[in-house]
Structure formats: structure tokens, C-alpha cells
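Source file: final39.txt; contents: compact mmCIF, C-alpha atoms.
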```txt
# COMPACT_ATOMS: atom_id res chain seq x y z
CA ALA A 563 0.00 0.00 0.00
CA ILE A 564 1.18 3.52 -0.81
CA THR A 565 0.25 6.43 1.44
CA CYS A 566 0.55 10.03 0.31
CA VAL A 567 0.27 12.81 2.89
CA LEU A 568 -1.08 16.04 1.44
CA GLY A 569 -1.65 19.51 2.83
CA MET A 570 -0.63 23.14 2.62
CA HIS A 571 2.69 24.24 4.11
CA ARG A 572 2.47 24.93 7.87
CA SER A 573 -0.58 22.68 8.22
CA GLY A 574 0.79 19.87 10.39
CA THR A 575 1.91 17.63 7.53
CA SER A 576 5.18 16.83 9.30
CA LEU A 577 3.37 15.77 12.46
CA ALA A 578 0.88 13.63 10.54
CA THR A 579 3.65 12.04 8.49
CA ARG A 580 5.67 11.11 11.55
CA ILE A 581 2.58 9.44 13.02
CA VAL A 582 1.98 7.60 9.75
CA ASN A 583 5.61 6.52 9.83
CA LEU A 584 5.26 5.22 13.39
CA LEU A 585 2.22 3.24 12.21
CA GLY A 586 4.43 1.35 9.78
CA VAL A 587 4.68 3.46 6.61
CA TYR A 588 8.24 3.51 5.28
CA LEU A 589 9.46 6.95 4.19
CA GLY A 590 12.81 6.00 2.66
CA PRO A 591 16.38 5.73 3.98
CA GLU A 592 16.90 7.98 6.96
CA ASP A 593 19.86 9.74 5.39
CA HIS A 594 17.70 10.67 2.39
CA LEU A 595 15.15 12.55 4.51
CA VAL A 596 15.28 16.35 4.70
CA ARG A 597 17.07 17.42 7.85
CA PRO A 598 15.34 19.48 10.57
CA ALA A 599 15.49 23.26 10.32
CA PRO A 600 14.74 26.18 12.67
CA ASP A 601 11.19 26.46 11.31
CA ASN A 602 10.65 22.71 11.75
CA PRO A 603 13.00 21.53 14.54
CA LYS A 604 11.46 18.05 14.86
CA GLY A 605 11.97 17.23 11.22
CA PHE A 606 10.09 17.51 7.94
CA TRP A 607 9.88 13.73 7.32
CA GLU A 608 10.21 14.42 3.60
CA HIS A 609 12.22 12.42 1.08
CA GLY A 610 14.79 14.85 -0.30
CA GLY A 611 14.71 13.37 -3.80
CA ILE A 612 10.94 13.70 -4.08
CA VAL A 613 11.07 17.29 -2.82
CA LYS A 614 13.70 18.19 -5.42
CA LEU A 615 11.71 16.50 -8.14
CA ASN A 616 8.53 18.35 -7.19
CA GLN A 617 10.46 21.62 -7.21
CA GLU A 618 11.79 20.78 -10.66
CA ILE A 619 8.28 19.98 -11.96
CA LEU A 620 6.95 23.34 -10.77
CA GLY A 621 9.99 25.15 -12.15
CA ARG A 622 9.68 23.42 -15.50
CA LEU A 623 6.07 24.65 -15.64
CA GLY A 624 7.14 28.21 -14.87
CA GLY A 625 6.39 28.52 -11.16
CA SER A 626 7.27 27.49 -7.63
CA ASP A 627 5.54 26.33 -4.47
CA ILE A 628 4.60 29.88 -3.39
CA ARG A 629 3.95 31.10 -6.94
CA PRO A 630 2.24 28.06 -8.47
CA PRO A 631 2.28 27.78 -12.25
CA ALA A 632 -0.78 27.38 -14.42
CA LEU A 633 -1.92 23.74 -14.26
CA PRO A 634 -4.30 23.14 -17.18
CA PRO A 635 -5.97 19.72 -17.54
CA GLY A 636 -3.51 17.15 -18.83
CA TRP A 637 -0.38 19.11 -17.93
CA GLU A 638 1.16 15.97 -16.41
CA THR A 639 1.42 14.32 -19.86
CA ALA A 640 3.58 17.09 -21.36
CA SER A 641 6.56 15.81 -23.34
CA ASN A 642 8.99 18.17 -21.60
CA LEU A 643 8.39 16.25 -18.36
CA GLU A 644 9.62 12.90 -19.76
CA HIS A 645 13.03 13.27 -18.12
CA LEU A 646 11.32 13.95 -14.79
CA ARG A 647 9.10 10.89 -15.18
CA ASP A 648 12.27 8.79 -15.62
CA TRP A 649 13.76 10.44 -12.53
CA ALA A 650 10.63 9.63 -10.51
CA GLN A 651 10.67 6.00 -11.64
CA ARG A 652 14.28 5.67 -10.48
CA ILE A 653 13.41 7.05 -7.03
CA ILE A 654 10.45 4.67 -6.71
CA GLN A 655 12.48 1.66 -7.80
CA GLU A 656 15.68 2.40 -5.90
CA GLU A 657 14.16 3.68 -2.65
CA PHE A 658 10.88 1.81 -2.20
CA ALA A 659 10.88 -1.39 -4.26
CA GLY A 660 9.83 -4.39 -2.17
CA LYS A 661 8.34 -2.31 0.67
CA ALA A 662 4.86 -3.53 1.60
CA SER A 663 3.84 -0.14 2.98
CA TRP A 664 5.55 3.06 1.95
CA GLY A 665 4.72 6.66 1.30
CA TRP A 666 5.84 10.25 1.23
CA LYS A 667 4.96 13.78 2.21
CA ASP A 668 5.74 17.02 0.45
CA PRO A 669 3.19 19.86 0.45
CA ARG A 670 4.10 20.55 -3.18
CA THR A 671 2.51 17.22 -4.07
CA CYS A 672 -0.87 18.95 -3.68
CA LEU A 673 0.07 20.69 -6.93
CA THR A 674 1.95 17.85 -8.66
CA LEU A 675 -0.20 14.86 -7.65
CA PRO A 676 -1.47 14.07 -11.20
CA PHE A 677 2.17 13.52 -12.22
CA TRP A 678 2.62 10.87 -9.51
CA GLN A 679 -0.79 9.28 -10.04
CA ARG A 680 0.21 8.40 -13.60
CA LEU A 681 3.28 6.53 -12.33
CA LEU A 682 1.86 4.69 -9.33
CA PRO A 683 -1.00 2.30 -8.57
CA PRO A 684 -4.03 3.64 -6.65
CA MET A 685 -2.99 5.20 -3.37
CA ARG A 686 -4.58 6.22 -0.08
CA TYR A 687 -4.37 9.81 1.09
CA VAL A 688 -3.99 11.62 4.40
CA ILE A 689 -5.08 15.23 3.85
CA CYS A 690 -3.92 17.66 6.53
CA LEU A 691 -5.96 20.74 7.32
CA ARG A 692 -5.23 23.72 9.53
CA ASN A 693 -7.17 26.90 10.09
CA PRO A 694 -6.21 29.01 7.05
CA LEU A 695 -5.93 32.12 9.20
CA ASP A 696 -3.20 30.41 11.24
CA VAL A 697 -1.50 29.21 8.06
CA MET A 698 -1.67 32.75 6.67
CA ARG A 699 0.01 34.18 9.77
CA SER A 700 2.67 31.47 9.80
CA MET A 701 3.49 32.05 6.11
CA ARG A 702 3.59 35.79 6.68
CA HIS A 703 6.03 35.31 9.56
CA ARG A 704 8.24 32.79 7.74
CA ASP A 705 8.09 33.97 4.13
CA GLY A 706 6.84 37.54 4.30
CA LEU A 707 3.72 36.75 2.28
CA THR A 708 0.75 39.09 2.24
CA ALA A 709 -2.49 37.92 3.85
CA GLU A 710 -4.13 37.57 0.45
CA ARG A 711 -1.34 35.42 -0.98
CA GLY A 712 -1.28 33.21 2.11
CA ILE A 713 -5.02 32.65 1.80
CA TYR A 714 -4.74 32.06 -1.96
CA LEU A 715 -2.08 29.40 -1.45
CA TRP A 716 -4.11 27.63 1.25
CA VAL A 717 -7.10 27.57 -1.10
CA MET A 718 -5.11 26.32 -4.07
CA TYR A 719 -3.29 23.55 -2.19
CA THR A 720 -6.41 22.40 -0.35
CA ARG A 721 -8.67 22.57 -3.39
CA LEU A 722 -6.30 20.54 -5.56
CA ALA A 723 -5.69 17.98 -2.79
CA LEU A 724 -9.45 17.41 -2.52
CA GLN A 725 -10.00 17.53 -6.27
CA HIS A 726 -7.32 14.99 -7.17
CA THR A 727 -8.32 12.51 -4.46
CA ARG A 728 -12.07 12.54 -5.04
CA GLY A 729 -13.51 9.02 -4.92
CA GLN A 730 -10.29 7.51 -3.55
CA PRO A 731 -9.42 6.31 -0.02
CA ARG A 732 -8.69 9.41 2.02
CA ILE A 733 -8.91 10.80 5.52
CA LEU A 734 -8.95 14.46 6.55
CA VAL A 735 -6.88 15.28 9.62
CA ALA A 736 -7.08 18.64 11.40
CA TYR A 737 -3.82 19.91 12.89
CA GLU A 738 -5.69 21.28 15.91
CA ARG A 739 -7.09 17.85 16.74
CA LEU A 740 -3.71 16.19 16.25
CA VAL A 741 -2.24 18.44 18.93
CA ASP A 742 -5.22 18.50 21.30
CA ASP A 743 -6.22 14.83 21.04
CA TRP A 744 -3.26 12.94 19.63
CA ARG A 745 -4.39 9.60 21.10
CA GLY A 746 -7.75 9.80 19.37
CA GLU A 747 -6.22 10.90 16.08
CA LEU A 748 -3.54 8.21 16.31
CA ARG A 749 -6.25 5.57 16.55
CA ARG A 750 -8.30 7.18 13.76
CA LEU A 751 -5.27 7.16 11.46
CA ALA A 752 -4.47 3.59 12.49
CA ARG A 753 -7.97 2.44 11.53
CA PHE A 754 -7.60 4.11 8.15
CA LEU A 755 -4.19 2.53 7.55
CA GLY A 756 -5.10 -0.86 9.01
CA GLY A 757 -2.62 -0.73 11.88
CA MET A 758 -4.64 -0.71 15.10
CA GLU A 759 -2.23 -3.10 16.85
CA GLN A 760 0.64 -0.72 16.08
CA ALA A 761 -1.30 2.22 17.54
CA GLU A 762 -1.76 0.43 20.88
CA ARG A 763 1.94 -0.28 21.36
CA PRO A 764 3.33 1.68 24.33
CA ASP A 765 6.51 2.63 22.44
CA VAL A 766 4.50 4.05 19.54
CA GLN A 767 2.26 6.04 21.87
CA ALA A 768 5.30 7.34 23.74
CA ALA A 769 6.96 8.41 20.47
CA VAL A 770 3.84 10.27 19.33
CA ARG A 771 3.44 11.93 22.72
CA ASP A 772 7.05 13.11 22.64
CA PHE A 773 6.71 14.37 19.06
CA VAL A 774 3.56 16.41 19.70
CA ASP A 775 4.74 19.74 21.10
CA PRO A 776 2.02 22.38 21.63
CA ASN A 777 4.78 24.95 22.18
CA LEU A 778 5.62 24.79 18.46
CA ARG A 779 2.11 26.01 17.59
CA HIS A 780 2.85 29.73 17.42
CA HIS A 781 -0.34 30.76 15.63
CA ARG A 782 -3.74 29.63 16.84
CA THR A 783 -7.12 31.18 16.17
CA PRO A 784 -9.41 30.75 19.22
CA ARG A 785 -12.34 28.40 18.79
CA PRO A 786 -15.13 29.02 18.18
CA ALA A 787 -13.56 31.64 15.99
CA ALA A 788 -14.62 34.50 13.83
CA PRO A 789 -12.02 35.87 11.46
CA GLU A 790 -10.05 38.80 12.82
CA HIS A 791 -10.81 42.25 11.51
CA GLY A 792 -8.38 44.93 10.55
CA GLY A 793 -6.54 45.50 7.32
CA SER A 794 -8.02 46.34 3.95
CA GLU A 795 -11.61 45.65 3.02
CA VAL A 796 -10.37 43.02 0.58
CA SER A 797 -8.36 41.29 3.30
CA ILE A 798 -11.33 41.28 5.67
CA ARG A 799 -13.65 39.78 3.06
CA ALA A 800 -11.04 37.17 2.09
CA ARG A 801 -10.60 36.09 5.71
CA GLU A 802 -14.34 35.89 6.29
CA ARG A 803 -14.90 33.75 3.21
CA VAL A 804 -11.97 31.39 3.77
CA HIS A 805 -13.06 30.93 7.38
CA ALA A 806 -16.46 29.75 6.12
CA VAL A 807 -14.77 27.25 3.82
CA TYR A 808 -12.69 25.83 6.66
CA ALA A 809 -15.79 25.53 8.84
CA ALA A 810 -17.38 23.39 6.11
CA LEU A 811 -14.31 21.17 5.84
CA GLU A 812 -14.24 20.58 9.60
CA ARG A 813 -17.73 19.10 9.66
CA GLU A 814 -18.06 15.32 9.82
CA PRO A 815 -19.23 13.66 7.74
CA LEU A 816 -18.20 16.07 5.02
CA PRO A 817 -21.18 17.87 3.55
CA ALA A 818 -22.10 17.18 -0.05
CA GLU A 819 -21.00 20.62 -1.23
CA VAL A 820 -17.39 19.81 -0.32
CA GLU A 821 -17.34 17.37 -3.23
CA ASP A 822 -17.92 20.31 -5.57
CA VAL A 823 -14.59 21.83 -4.63
CA ASP A 824 -14.60 24.53 -7.28
CA ARG A 825 -17.93 25.92 -6.07
CA LEU A 826 -16.79 25.66 -2.45
CA PHE A 827 -13.61 27.68 -2.95
CA GLN A 828 -14.67 30.08 -5.71
CA PRO A 829 -16.02 32.84 -3.42
CA VAL A 830 -12.57 33.13 -1.83
CA MET A 831 -10.79 33.16 -5.18
CA ASP A 832 -13.13 35.89 -6.43
CA VAL A 833 -11.77 38.15 -3.70
CA VAL A 834 -8.08 37.27 -3.50
CA VAL A 835 -7.09 36.76 -7.14
CA PRO A 836 -7.73 40.37 -8.28
CA GLU A 837 -5.91 41.66 -5.19
CA ILE A 838 -2.88 39.44 -5.82
CA GLU A 839 -2.76 40.62 -9.43
CA ARG A 840 -2.81 44.21 -8.18
CA GLN A 841 -0.01 43.46 -5.70
CA GLU A 842 2.10 41.86 -8.41
CA GLN A 843 1.66 44.87 -10.67
CA GLU A 844 2.75 47.10 -7.80
CA GLU A 845 5.81 44.91 -7.15
CA TYR A 846 6.72 45.11 -10.82
CA ARG A 847 6.33 48.89 -10.82
CA ARG A 848 8.64 49.25 -7.80
CA TRP A 849 11.16 46.90 -9.40
CA ARG A 850 11.19 49.00 -12.58
CA GLU A 851 11.73 52.15 -10.55
CA GLN A 852 14.66 50.59 -8.71
CA ILE A 853 16.26 49.47 -11.97
CA GLN A 854 15.78 52.93 -13.44
CA GLN A 855 17.45 54.51 -10.42
CA VAL A 856 20.48 52.25 -10.88
CA ILE A 857 20.66 53.14 -14.57
CA ASP A 858 20.39 56.87 -13.85
```

With the file now loaded, output its structure as C-alpha cells.
Amino acid sequence: AITCVLGMHRSGTSLATRIVNLLGVYLGPEDHLVRPAPDNPKGFWEHGGIVKLNQEILGRLGGSDIRPPALPPGWETASNLEHLRDWAQRIIQEEFAGKASWGWKDPRTCLTLPFWQRLLPPMRYVICLRNPLDVMRSMRHRDGLTAERGIYLWVMYTRLALQHTRGQPRILVAYERLVDDWRGELRRLARFLGGMEQAERPDVQAAVRDFVDPNLRHHRTPRPAAPEHGGSEVSIRARERVHAVYAALEREPLPAEVEDVDRLFQPVMDVVVPEIERQEQEEYRRWREQIQQVID
């Protein structure tokens, strides 16, 4: 069985992946995993080769993880990706061949998943969710992104993760619940993965308990929560609308409208996309002025 962990950056994907790993999912040789960093001191639990390949895919298509490229239907079959398909096949064969249960996590896979789905048999998916207002603040702190771009990225990653896994085995995991009720979420994940015996092992429970660190959660919107006010009118409307989307995704079982992901997320995109375009035009104008000053 192959398990793919999906979710926007800063949404608890590392925590969920470590739990999945402790439940028996192989992530690759330890020395091939991305090393911890100040913004993720307990580790990313990402295969370095897959991360580099995803970065290359996005770059080849003219974008990056924080400035996603256009992804028209069928993009994954493009001839200029043939070299990358060979690269992916080598990683799969050399790193995971013969493993009964393996998987990977890289938030960029929310964008590149159709590429991998063409190469692999049907998979099961763990989709990580976190309040988009907390993600927005975290991305602003780490990467200097505007509120609108942080919200846009959360929408794009989450929408594509839901869209590309529709009708396939998947479980939605909220970061807040992972931290507040790790025992319950450990068992829920174990049921999904078929590893209940593993979840009851004292060493596994101790490892999860030690890994869960509420002190690393620097941004948390109180619950029940209404989106904060302040900022531009556009920013306020964007936060209100994306908060409503997250409230729908938190409900169990998922309401029927969640299956129509485009309709669910479109009200947010209607607000943030024009604002991001305006911000980019302003960035370009400032850049031109700076260049002109150097020339003069």
C-alpha cells in the first residue's frame, strides 16, 4: 500500500507524516530525509529526492511552491516532463521497491499529484488541514507573504488535494485535533491505515506523545472563531470567506458541497485573485523604478 500525505505548508503535515511513519509506513532511507530546520525543529519527514523532483516539476512549468504555475488539464502528460518521469521512476524503484507499505509527504505534491498518479497504482491519502488564518500568519512570519497570498495558497493547495483525491481512499486530519487529542487521532489514522495493533503499542504512543509539542504552535485562532478584523476591506472579506470554507471542511461527515470543490472555494478566489494581481503589478512597478534609479 502507498500512502501520500497532502496539505498546505504549515498545516501539520510533518506531524501527521511522523505518526503515519510510526504506524508502519516507510518513508525511505533515513539519510535521504530532509534534515530538521529552525522552522521545523522536529523534522520535515520528507524524502529529499521527491522534494527536489517536485520543485523541478513546478519550475519546468514556470512557477514554484509559493507562486504556483498554471496547471491546465492534462499538464502531467507534457513531453517536456519525460526526463522527470524517468527520474521519478528511479526514485520509486531504488528507494521503495519491495516495501509492503511506503509513502511520502511534500506539500508541493498537492500541486503535482497528477504527475505521480500516472506513475503509481491507486494510493490512499492523508489530507492535513489547519485553520487558514493560522497558516496565513505562519506564512507571513516565515516567508513575508501578504495575507491575500497566504489565503490564496491555502485555497489552491487544499482545493487541488481534494479535487485529485475525489472518490479515492482518504482521511482528513485537522492539525488542531492532532495536537489537542493525539491519542484519538492516532487511533483514527491507524484504523484508516489498518494498523490498530501498532497504535496500541506503548513505544509508539510514547513516540507520538514526545513528538507532539504544543509549544511549536505559534499561531492559533481561538475556537469558536470568527475571522479577525483589521486590514483592507479586501483582506477582511477574504478572511471571512476562507473561514467559512474551513468551517465546512471541519464538519463530519463532510457535507455534499465539499465534493464540488470549485464551487466551495470560488467565493474566496473571487476576492483574493484580483488583489494578488494588483499586488504583483505594484511589485513590478517598484522593481522597474529601482532598476531605473540604478541606470540613472

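Residues in contact with segment 838-844 of chain A at 10 Å, where all atoms listed in the file are counted and same-chain residues fewer than 6 positions away are skipped, are listed as Thr708, Ala709, Glu710, Arg711, Tyr714 and Arg850 of chain A.
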
- Could you check which of A:Asp824, A:Asp832, A:Asp742, A:Asp593 is closest to Thr720 of chain A, using all atoms listed in the file?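 For Thr720 of chain A, the nearest of the given residues is A:Asp824.
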
- Nearest residue to Ala736 of chain A from the set A:Leu646, A:Ile857, A:Ile689, A:Val804 (distances using all atoms listed in the file): A:Ile689

- Message: Please determine, counting only C-alpha atoms, which residue among A:Leu620, A:Val856, A:Leu707, A:Cys672 has the shortest atom-to-atom distance to Gly569 of chain A.
- Response: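 Using only C-alpha atoms, the shortest distance to Gly569 of chain A belongs to A:Cys672.
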
- Could you jot down the atom CA of Glu644 of chain A to atom CA of Ile619 of chain A separation for me, Å, one decimal place?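 Going from atom CA of Glu644 of chain A over to atom CA of Ile619 of chain A, I get 10.6 Å.
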
- Contacts of Trp716 of chain A at 9 Å or less, counting all atoms listed in the file, minus same-chain residues fewer than 3 places along, as an MDAnalysis selection string? chainID A and resid 569:571 694 697:698 711:713 719:721

- Item | Atomic separation - atom CA of Gly665 of chain A relative to atom CA of Trp607 of chain A, Å |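 Interatomic distance, atom CA of Trp607 of chain A to atom CA of Gly665 of chain A: 10.6 Å.
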
- Residues at most 10 Å from Ala650 of chain A, counting all atoms listed in the file, excluding those fewer than 6 positions away in the same chain, as a PyMOL selection string? chain A and resi 611-612+615-616+644+656+677-678+681

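Among the candidates A:Ser641, A:Ser573, A:Thr727, A:Thr565, the residue lying nearest to Cys690 of chain A is A:Ser573 (atoms considered: all atoms listed in the file).
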
- Message: Can you measure atom CA of Glu762 of chain A to atom CA of Arg745 of chain A for me? One decimal in Å is fine.
- Response: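 Distance between the two atoms: 9.5 Å.
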
- Choose the residue, out of A:Val596, A:Val741, A:Val770, A:Ile733, that has the smallest atom-to-atom separation from Arg753 of chain A; count all atoms listed in the file.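 Closest residue, counting all atoms listed in the file: A:Ile733.
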
- Item | Of the listed residues A:Leu673, A:Val688, A:Val796, A:Val834, that which approaches Ser576 of chain A most closely, counting only C-alpha atoms | A:Val688

- Task: Pick out the residues sitting within 12 Å of Leu577 of chain A, and hand them over as a ChimeraX atom specification; count only C-alpha atoms, and ignore anything fewer than 4 positions along from it in its own chain.
- Result: /A:567-569,571-573,581-584,602-608,667,688,690-691,735-741,744,747-748,769-776,778-779

Can I get the selection written as a PDB file, in the frame of the given file, with C-alpha atoms?
```
ATOM      1  CA  VAL A 567       0.270  12.810   2.890  1.00  0.00           C
ATOM      2  CA  LEU A 568      -1.080  16.040   1.440  1.00  0.00           C
ATOM      3  CA  GLY A 569      -1.650  19.510   2.830  1.00  0.00           C
ATOM      4  CA  HIS A 571       2.690  24.240   4.110  1.00  0.00           C
ATOM      5  CA  ARG A 572       2.470  24.930   7.870  1.00  0.00           C
ATOM      6  CA  SER A 573      -0.580  22.680   8.220  1.00  0.00           C
ATOM      7  CA  ILE A 581       2.580   9.440  13.020  1.00  0.00           C
ATOM      8  CA  VAL A 582       1.980   7.600   9.750  1.00  0.00           C
ATOM      9  CA  ASN A 583       5.610   6.520   9.830  1.00  0.00           C
ATOM     10  CA  LEU A 584       5.260   5.220  13.390  1.00  0.00           C
ATOM     11  CA  ASN A 602      10.650  22.710  11.750  1.00  0.00           C
ATOM     12  CA  PRO A 603      13.000  21.530  14.540  1.00  0.00           C
ATOM     13  CA  LYS A 604      11.460  18.050  14.860  1.00  0.00           C
ATOM     14  CA  GLY A 605      11.970  17.230  11.220  1.00  0.00           C
ATOM     15  CA  PHE A 606      10.090  17.510   7.940  1.00  0.00           C
ATOM     16  CA  TRP A 607       9.880  13.730   7.320  1.00  0.00           C
ATOM     17  CA  GLU A 608      10.210  14.420   3.600  1.00  0.00           C
ATOM     18  CA  LYS A 667       4.960  13.780   2.210  1.00  0.00           C
ATOM     19  CA  VAL A 688      -3.990  11.620   4.400  1.00  0.00           C
ATOM     20  CA  CYS A 690      -3.920  17.660   6.530  1.00  0.00           C
ATOM     21  CA  LEU A 691      -5.960  20.740   7.320  1.00  0.00           C
ATOM     22  CA  VAL A 735      -6.880  15.280   9.620  1.00  0.00           C
ATOM     23  CA  ALA A 736      -7.080  18.640  11.400  1.00  0.00           C
ATOM     24  CA  TYR A 737      -3.820  19.910  12.890  1.00  0.00           C
ATOM     25  CA  GLU A 738      -5.690  21.280  15.910  1.00  0.00           C
ATOM     26  CA  ARG A 739      -7.090  17.850  16.740  1.00  0.00           C
ATOM     27  CA  LEU A 740      -3.710  16.190  16.250  1.00  0.00           C
ATOM     28  CA  VAL A 741      -2.240  18.440  18.930  1.00  0.00           C
ATOM     29  CA  TRP A 744      -3.260  12.940  19.630  1.00  0.00           C
ATOM     30  CA  GLU A 747      -6.220  10.900  16.080  1.00  0.00           C
ATOM     31  CA  LEU A 748      -3.540   8.210  16.310  1.00  0.00           C
ATOM     32  CA  ALA A 769       6.960   8.410  20.470  1.00  0.00           C
ATOM     33  CA  VAL A 770       3.840  10.270  19.330  1.00  0.00           C
ATOM     34  CA  ARG A 771       3.440  11.930  22.720  1.00  0.00           C
ATOM     35  CA  ASP A 772       7.050  13.110  22.640  1.00  0.00           C
ATOM     36  CA  PHE A 773       6.710  14.370  19.060  1.00  0.00           C
ATOM     37  CA  VAL A 774       3.560  16.410  19.700  1.00  0.00           C
ATOM     38  CA  ASP A 775       4.740  19.740  21.100  1.00  0.00           C
ATOM     39  CA  PRO A 776       2.020  22.380  21.630  1.00  0.00           C
ATOM     40  CA  LEU A 778       5.620  24.790  18.460  1.00  0.00           C
ATOM     41  CA  ARG A 779       2.110  26.010  17.590  1.00  0.00           C
TER      42      ARG A 779
END
```

- Scan for residues within 12 Å of the point (-14.7, 12.6, -9.4) in the coordinates of the file, using only C-alpha atoms, and reply as a PyMOL selection string. chain A and resi 724-730+820-823
